[in-house]
$ cat work.tsv   # TSV, C-alpha atoms
chain	number	residue	atom	x	y	z
A	1	MET	CA	69.72	69.26	27.85
A	2	LEU	CA	68.67	70.23	31.38
A	3	GLN	CA	65.08	71.26	32.03
A	4	MET	CA	64.34	74.06	34.49
A	5	PRO	CA	62.56	72.69	37.59
A	6	GLN	CA	59.52	74.41	39.02
A	7	GLY	CA	60.50	77.17	41.47
A	8	TYR	CA	64.05	77.50	40.09
A	9	LYS	CA	63.88	81.26	39.47
A	10	GLU	CA	62.40	81.98	42.89
A	11	GLN	CA	65.02	79.97	44.82
A	12	THR	CA	67.89	81.80	46.52
A	13	ALA	CA	71.35	80.65	45.41
A	14	PHE	CA	73.47	79.00	48.12
A	15	VAL	CA	77.19	79.01	47.44
A	16	GLY	CA	78.44	77.53	50.73
A	17	GLY	CA	80.38	79.11	53.56
A	18	PHE	CA	77.56	81.18	55.08
A	19	GLU	CA	78.60	84.74	55.94
A	20	GLN	CA	78.83	85.33	59.67
A	21	LEU	CA	76.79	88.11	61.19
A	22	PRO	CA	79.07	91.06	62.09
A	23	ALA	CA	79.21	92.36	65.66
A	24	GLY	CA	76.99	95.39	66.16
A	25	GLY	CA	73.41	96.53	66.68
A	26	TYR	CA	70.32	95.05	65.04
A	27	VAL	CA	66.57	95.59	65.10
A	28	CYS	CA	64.96	92.20	65.73
A	29	LYS	CA	61.53	90.63	65.92
A	30	VAL	CA	60.31	87.78	68.13
A	31	LEU	CA	59.02	84.80	66.13
A	32	GLY	CA	58.29	82.35	68.92
A	33	VAL	CA	58.71	81.65	72.62
A	34	LYS	CA	59.31	78.33	74.35
A	35	THR	CA	59.35	77.80	78.12
A	36	GLU	CA	61.25	75.08	79.96
A	37	GLU	CA	60.76	74.17	83.60
A	38	LYS	CA	63.99	74.22	85.58
A	39	GLU	CA	64.84	73.42	89.18
A	40	TYR	CA	65.20	77.15	89.88
A	41	GLY	CA	62.12	78.28	87.92
A	42	VAL	CA	61.45	78.79	84.20
A	43	ARG	CA	63.78	79.44	81.27
A	44	LEU	CA	62.41	81.25	78.22
A	45	SER	CA	63.96	80.57	74.81
A	46	ILE	CA	63.04	83.46	72.52
A	47	MET	CA	63.35	82.70	68.81
A	48	PHE	CA	63.90	85.83	66.73
A	49	ASP	CA	65.14	87.12	63.40
A	50	ILE	CA	66.64	90.34	62.13
A	51	ILE	CA	64.68	93.18	60.55
A	52	GLU	CA	67.60	95.49	59.87
A	53	ALA	CA	71.14	96.30	60.97
A	54	ASP	CA	72.49	99.61	62.24
A	55	ALA	CA	73.58	101.11	58.92
A	56	ARG	CA	76.12	103.37	60.64
A	57	VAL	CA	78.41	100.45	61.46
A	58	ILE	CA	77.15	97.58	59.26
A	59	ASP	CA	76.99	97.91	55.48
A	60	LYS	CA	74.19	95.36	54.89
A	61	SER	CA	70.71	94.98	56.38
A	62	TYR	CA	70.98	91.24	57.12
A	63	ARG	CA	67.19	91.07	57.03
A	64	SER	CA	65.92	87.53	57.71
A	65	TYR	CA	69.48	86.36	58.35
A	66	PHE	CA	68.59	83.47	60.65
A	67	ASN	CA	65.69	82.29	58.52
A	68	THR	CA	67.95	82.26	55.44
A	69	LEU	CA	70.54	80.23	57.36
A	70	TYR	CA	67.82	77.89	58.62
A	71	GLN	CA	66.42	77.34	55.13
A	72	SER	CA	69.94	76.69	53.81
A	73	ARG	CA	70.53	74.02	56.45
A	74	LYS	CA	67.19	72.38	55.69
A	75	LEU	CA	68.38	71.66	52.14
A	76	SER	CA	70.81	69.08	53.50
A	77	ASP	CA	69.16	68.26	56.82
A	78	ALA	CA	65.39	68.01	57.04
A	79	SER	CA	65.61	68.03	60.86
A	80	ALA	CA	67.65	71.27	61.00
A	81	LYS	CA	66.84	73.60	63.88
A	82	TRP	CA	66.68	77.36	64.10
A	83	PRO	CA	70.25	78.73	64.52
A	84	ALA	CA	71.32	78.92	68.16
A	85	SER	CA	72.50	82.53	67.75
A	86	GLY	CA	68.93	83.45	66.80
A	87	ILE	CA	67.61	82.35	70.20
A	88	HIS	CA	67.84	84.58	73.27
A	89	HIS	CA	67.53	82.99	76.72
A	90	ILE	CA	66.17	84.65	79.84
A	91	SER	CA	65.12	83.02	83.09
A	92	LEU	CA	62.60	83.68	85.83
A	93	PRO	CA	63.30	82.09	89.26
A	94	ASN	CA	60.56	80.89	91.58
A	95	LYS	CA	62.04	82.90	94.44
A	96	VAL	CA	64.95	85.21	95.15
A	97	THR	CA	67.37	84.03	97.82
A	98	GLU	CA	70.76	84.68	96.21
A	99	LYS	CA	72.47	87.20	93.95
A	100	LYS	CA	72.13	84.93	90.91
A	101	GLU	CA	68.32	84.95	91.22
A	102	GLN	CA	68.39	88.75	91.46
A	103	ASN	CA	70.44	88.80	88.26
A	104	MET	CA	67.96	86.51	86.52
A	105	ILE	CA	65.10	88.84	87.32
A	106	GLY	CA	67.20	91.84	86.33
A	107	PHE	CA	67.95	90.40	82.88
A	108	PHE	CA	64.30	89.33	82.46
A	109	LYS	CA	63.05	92.83	83.30
A	110	GLY	CA	65.72	94.32	81.05
A	111	PHE	CA	64.37	92.36	78.09
A	112	ILE	CA	60.78	93.28	78.93
A	113	GLU	CA	61.69	96.96	79.22
A	114	ALA	CA	63.42	96.83	75.83
A	115	VAL	CA	60.26	95.31	74.34
A	116	LYS	CA	58.00	97.87	76.03
A	117	SER	CA	60.14	100.76	74.80
A	118	SER	CA	60.15	99.35	71.26
A	119	ASN	CA	56.44	98.50	71.01
A	120	PRO	CA	54.05	101.26	72.15
A	121	GLY	CA	51.03	99.74	73.84
A	122	PHE	CA	52.72	96.50	74.85
A	123	VAL	CA	51.92	95.63	78.46
A	124	CYS	CA	53.66	92.97	80.52
A	125	GLY	CA	51.19	91.07	82.69
A	126	PHE	CA	53.41	91.60	85.72
A	127	ASP	CA	52.72	95.34	85.45
A	128	THR	CA	49.05	94.82	86.23
A	129	GLY	CA	48.88	91.45	88.01
A	130	ASN	CA	50.76	88.34	89.05
A	131	SER	CA	50.84	86.48	85.75
A	132	PHE	CA	52.24	87.08	82.28
A	133	ASP	CA	51.43	85.28	79.03
A	134	GLU	CA	54.86	84.92	77.44
A	135	GLN	CA	53.27	84.24	74.05
A	136	THR	CA	52.31	87.93	73.85
A	137	LEU	CA	56.00	88.54	73.10
A	138	LYS	CA	55.55	86.97	69.67
A	139	GLY	CA	55.69	89.66	66.99
A	140	MET	CA	57.32	92.21	69.30
A	141	MET	CA	60.37	94.23	68.22
A	142	PHE	CA	63.54	94.75	70.25
A	143	GLY	CA	67.13	95.83	69.77
A	144	ALA	CA	70.03	93.38	70.08
A	145	ILE	CA	73.74	94.09	70.28
A	146	PHE	CA	75.80	91.16	69.06
A	147	GLY	CA	79.36	90.43	70.10
A	148	ARG	CA	81.93	87.86	69.03
A	149	GLU	CA	83.18	85.04	71.28
A	150	GLN	CA	85.85	82.50	70.51
A	151	TYR	CA	85.28	78.76	70.84
A	152	GLN	CA	87.02	75.51	70.02
A	153	ASP	CA	85.27	73.23	67.51
A	154	ASN	CA	85.17	69.44	67.56
A	155	GLN	CA	88.40	69.31	65.53
A	156	GLY	CA	90.21	71.45	68.09
A	157	GLU	CA	90.30	74.55	65.88
A	158	LEU	CA	89.65	77.97	67.37
A	159	LYS	CA	86.79	79.84	65.72
A	160	TRP	CA	84.59	82.84	66.41
A	161	GLY	CA	80.88	82.68	67.16
A	162	ILE	CA	78.31	85.48	67.36
A	163	HIS	CA	75.85	85.90	70.23
A	164	VAL	CA	73.47	88.45	71.73
A	165	ALA	CA	75.56	90.29	74.32
A	166	MET	CA	73.02	92.97	75.26
A	167	VAL	CA	69.36	93.77	74.64
A	168	ARG	CA	68.24	97.37	74.17
A	169	SER	CA	65.34	99.32	72.67
A	170	VAL	CA	64.93	99.69	68.92
A	171	GLU	CA	65.49	103.43	69.33
A	172	THR	CA	68.86	102.79	70.97
A	173	ILE	CA	69.96	100.79	67.93
A	174	LYS	CA	68.65	103.35	65.45
A	175	THR	CA	70.39	106.25	67.20
A	176	GLY	CA	73.61	104.31	67.69
A	177	ASP	CA	73.65	105.00	71.43
A	178	TYR	CA	75.49	101.82	72.37
A	179	LYS	CA	78.98	100.27	72.41
A	180	ILE	CA	79.89	97.15	70.47
A	181	PRO	CA	81.40	94.70	72.97
A	182	ASP	CA	85.04	93.77	72.64
A	183	ASP	CA	85.85	90.36	71.18
A	184	LYS	CA	85.93	87.69	73.88
A	185	PRO	CA	88.89	85.33	73.29
A	186	LEU	CA	88.78	81.81	74.69
A	187	ALA	CA	90.96	81.80	77.80
A	188	ASN	CA	91.21	78.06	78.35
A	189	THR	CA	90.49	75.30	75.83
A	190	SER	CA	90.72	72.47	78.36
A	191	GLY	CA	87.47	70.56	78.52
A	192	PHE	CA	85.66	73.19	76.44
A	193	ASN	CA	82.35	72.21	74.87
A	194	PRO	CA	81.58	74.22	71.69
A	195	ALA	CA	77.86	73.79	72.33
A	196	ASN	CA	78.31	76.02	75.39
A	197	ALA	CA	79.89	78.95	73.58
A	198	GLY	CA	78.07	82.23	74.18
A	199	TYR	CA	77.49	85.09	76.55
A	200	GLY	CA	75.95	83.57	79.64
A	201	ALA	CA	76.87	80.18	78.20
A	202	ALA	CA	74.14	77.55	78.15
A	203	PRO	CA	73.75	74.32	76.15
A	204	MET	CA	72.07	74.70	72.80
A	205	PRO	CA	68.38	73.87	73.40
A	206	ASP	CA	66.20	71.41	71.56
A	207	ILE	CA	63.66	73.75	69.97
A	208	SER	CA	61.76	71.10	68.02
A	209	GLN	CA	58.51	72.29	69.61
A	210	TYR	CA	58.72	75.60	67.81
A	211	GLU	CA	56.29	76.11	64.97
A	212	MET	CA	58.89	76.40	62.22
A	213	LEU	CA	57.84	78.65	59.41
A	214	ASP	CA	58.46	77.49	55.84
A	215	VAL	CA	59.12	80.77	54.08
A	216	ASN	CA	60.93	81.94	50.98
A	217	PRO	CA	63.76	84.24	52.09
A	218	ALA	CA	64.15	85.52	48.54
A	219	THR	CA	61.01	87.64	48.75
A	220	ASP	CA	59.10	89.63	51.34
A	221	ASP	CA	55.99	87.53	50.73
A	222	GLY	CA	55.37	85.14	53.58
A	223	LEU	CA	58.34	86.20	55.68
A	224	PRO	CA	57.71	85.69	59.41
A	225	PHE	CA	57.68	89.42	60.16

$ encode --input "work.tsv" --output "C-alpha cells"
Amino acid sequence: MLQMPQGYKEQTAFVGGFEQLPAGGYVCKVLGVKTEEKEYGVRLSIMFDIIEADARVIDKSYRSYFNTLYQSRKLSDASAKWPASGIHHISLPNKVTEKKEQNMIGFFKGFIEAVKSSNPGFVCGFDTGNSFDEQTLKGMMFGAIFGREQYQDNQGELKWGIHVAMVRSVETIKTGDYKIPDDKPLANTSGFNPANAGYGAAPMPDISQYEMLDVNPATDDGLPF
C-alpha cells in the first residue's frame, strides 16, 4: 500500500513531451536582468515569463509557461537553467561607427519604448541623464511576438524552436495590431549548431547568476509576477 507523500496534492502532474509555445503575441513580465561585458559594449540578457497570450489567436493563456518548464526540468536536473526561449537579448555598444552598432541601439531603444508604453511612470535613465540602472526593468511588462524557426538537433533531425521575433507594447498585443512572423525554415544544415537557433542567433548564455525563484506553478501563490 502506497502512502501519499507530503505535497502530493499540490504538485503539478508532468506527463512528458512538454507542449511547445505557439507562435503569436504574449504579454510578458521581466523577472531578472543580467549584463555581460563584450568587446563591442554590453549585452543584456532579460529573463521573463508569460502573463497571458493573445486570446484572439491562441486558445490558452500559457501563464507561467517558462517557469513551469523550468520546474519540470529541475525534477531530473538540479542544475537546470531557465529556458533559452524565455530570455531576450539586447545589446548596447560603447560607440557607433558602423551600421550594426546603429541596429544594436535601435533594438535596445525599441525594447525600452515597449516597456515605457506598457508601464506608465517607468523612466529610462537615458531620458534624463547618461546612465541607466538596468535592474529597474525587473517587474516591468512588455509585449512579445513569438515566431517559429527550424533547427537541426544533435541527432541530425530537423525540429522547430520558438523565439521572440519582435517586441511591442502590451496594448499592441491586446488589440491584436501585429503580424505573426512566417515560419523560418532552416536553409542549410551544414555546420549548424542547434544552440545558435533563434532570431538574431546567439549562443545560449550561462545564466547561473540569476536569482532563480523556487515557485509552485500550480497556484498563483508565490509566482514571480

$ atom_distance --input "work.tsv" --atom1 "atom CA of A:Leu158" --atom2 "atom CA of A:Ala187"
11.2 Å

$ residues_around --input "work.tsv" --residues "A:Arg63" --least-positions-apart "5" --cutoff "8 Å" --atoms "all atoms listed in the file" --output "list in words"
Asp49, Ile50, Ile51, Glu52 and Ala53 of chain A

$ closest_residue --input "work.tsv" --among "A:Lys81, A:Ser72, A:Val167, A:Ala55" --to "A:Phe107" --atoms "all atoms listed in the file"
A:Val167

$ residues_around --input "work.tsv" --residues "A:Glu171" --least-positions-apart "6" --cutoff "9 Å" --atoms "all atoms listed in the file" --output "list in words"
Val27, Ser117, Ser118, Phe142, Gly143 and Asp177 of chain A

$ closest_residue --input "work.tsv" --among "A:Val123, A:Met166, A:Leu137, A:Val30" --to "A:Phe48" --atoms "all atoms listed in the file"
A:Val30

$ atom_distance --input "work.tsv" --atom1 "atom CA of A:Arg56" --atom2 "atom CA of A:Gln20"
18.3 Å

$ closest_residue --input "work.tsv" --among "A:Arg148, A:Thr97, A:Gly41, A:Cys28" --to "A:Asn119" --atoms "only C-alpha atoms"
A:Cys28

$ atom_distance --input "work.tsv" --atom1 "atom CA of A:Tyr151" --atom2 "atom CA of A:Val164"
15.3 Å

$ residues_near_point --input "work.tsv" --point "(65.3, 82.9, 76.2)" --cutoff "8 Å" --atoms "all atoms listed in the file" --output "number ranges by chain"
A: 33-34, 43-47, 87-91

$ closest_residue --input "work.tsv" --among "A:Val42, A:Leu31, A:Ile180, A:Ala23" --to "A:Lys95" --atoms "all atoms listed in the file"
A:Val42

$ closest_residue --input "work.tsv" --among "A:Gly147, A:Lys60, A:Tyr40, A:Asp127" --to "A:Pro93" --atoms "all atoms listed in the file"
A:Tyr40

$ build_atoms --input "work.tsv" --residues "stretch 24-39 of chain A" --atoms "N, CA, C and O atoms" --output "mmCIF file, keeping the file's coordinate frame"
data_model
loop_
_atom_site.group_PDB
_atom_site.id
_atom_site.type_symbol
_atom_site.label_atom_id
_atom_site.label_comp_id
_atom_site.auth_asym_id
_atom_site.auth_seq_id
_atom_site.Cartn_x
_atom_site.Cartn_y
_atom_site.Cartn_z
ATOM 1 N N GLY A 24 77.635 94.088 66.283
ATOM 2 C CA GLY A 24 76.990 95.390 66.160
ATOM 3 C C GLY A 24 75.537 95.337 66.568
ATOM 4 O O GLY A 24 75.065 94.360 67.160
ATOM 5 N N GLY A 25 74.797 96.403 66.266
ATOM 6 C CA GLY A 25 73.410 96.530 66.680
ATOM 7 C C GLY A 25 72.428 96.165 65.580
ATOM 8 O O GLY A 25 72.639 96.484 64.410
ATOM 9 N N TYR A 26 71.341 95.510 65.986
ATOM 10 C CA TYR A 26 70.320 95.050 65.040
ATOM 11 C C TYR A 26 68.925 95.258 65.619
ATOM 12 O O TYR A 26 68.712 95.131 66.823
ATOM 13 N N VAL A 27 67.982 95.571 64.739
ATOM 14 C CA VAL A 27 66.570 95.590 65.100
ATOM 15 C C VAL A 27 66.026 94.192 64.827
ATOM 16 O O VAL A 27 66.192 93.660 63.721
ATOM 17 N N CYS A 28 65.407 93.590 65.830
ATOM 18 C CA CYS A 28 64.960 92.200 65.730
ATOM 19 C C CYS A 28 63.478 92.073 66.038
ATOM 20 O O CYS A 28 62.855 92.988 66.580
ATOM 21 N N LYS A 29 62.931 90.917 65.665
ATOM 22 C CA LYS A 29 61.530 90.630 65.920
ATOM 23 C C LYS A 29 61.363 89.226 66.458
ATOM 24 O O LYS A 29 61.974 88.271 65.956
ATOM 25 N N VAL A 30 60.551 89.077 67.510
ATOM 26 C CA VAL A 30 60.310 87.780 68.130
ATOM 27 C C VAL A 30 59.400 86.947 67.238
ATOM 28 O O VAL A 30 58.332 87.402 66.814
ATOM 29 N N LEU A 31 59.821 85.709 66.956
ATOM 30 C CA LEU A 31 59.020 84.800 66.130
ATOM 31 C C LEU A 31 58.335 83.716 66.955
ATOM 32 O O LEU A 31 57.313 83.164 66.537
ATOM 33 N N GLY A 32 58.890 83.392 68.092
ATOM 34 C CA GLY A 32 58.290 82.350 68.920
ATOM 35 C C GLY A 32 58.932 82.317 70.284
ATOM 36 O O GLY A 32 60.052 82.803 70.475
ATOM 37 N N VAL A 33 58.222 81.750 71.244
ATOM 38 C CA VAL A 33 58.710 81.650 72.620
ATOM 39 C C VAL A 33 58.435 80.250 73.144
ATOM 40 O O VAL A 33 57.333 79.729 72.993
ATOM 41 N N LYS A 34 59.441 79.640 73.738
ATOM 42 C CA LYS A 34 59.310 78.330 74.350
ATOM 43 C C LYS A 34 59.735 78.409 75.809
ATOM 44 O O LYS A 34 60.748 79.044 76.115
ATOM 45 N N THR A 35 58.983 77.805 76.711
ATOM 46 C CA THR A 35 59.350 77.800 78.120
ATOM 47 C C THR A 35 59.798 76.394 78.521
ATOM 48 O O THR A 35 59.323 75.390 77.990
ATOM 49 N N GLU A 36 60.709 76.357 79.471
ATOM 50 C CA GLU A 36 61.250 75.080 79.960
ATOM 51 C C GLU A 36 61.354 75.159 81.474
ATOM 52 O O GLU A 36 61.985 76.070 82.017
ATOM 53 N N GLU A 37 60.700 74.206 82.147
ATOM 54 C CA GLU A 37 60.760 74.170 83.600
ATOM 55 C C GLU A 37 62.148 73.747 84.056
ATOM 56 O O GLU A 37 62.712 72.777 83.563
ATOM 57 N N LYS A 38 62.685 74.516 84.998
ATOM 58 C CA LYS A 38 63.990 74.220 85.580
ATOM 59 C C LYS A 38 63.836 74.095 87.098
ATOM 60 O O LYS A 38 62.813 74.479 87.671
ATOM 61 N N GLU A 39 64.878 73.572 87.730
ATOM 62 C CA GLU A 39 64.840 73.420 89.180
ATOM 63 C C GLU A 39 64.673 74.769 89.873
ATOM 64 O O GLU A 39 64.008 74.878 90.902
#
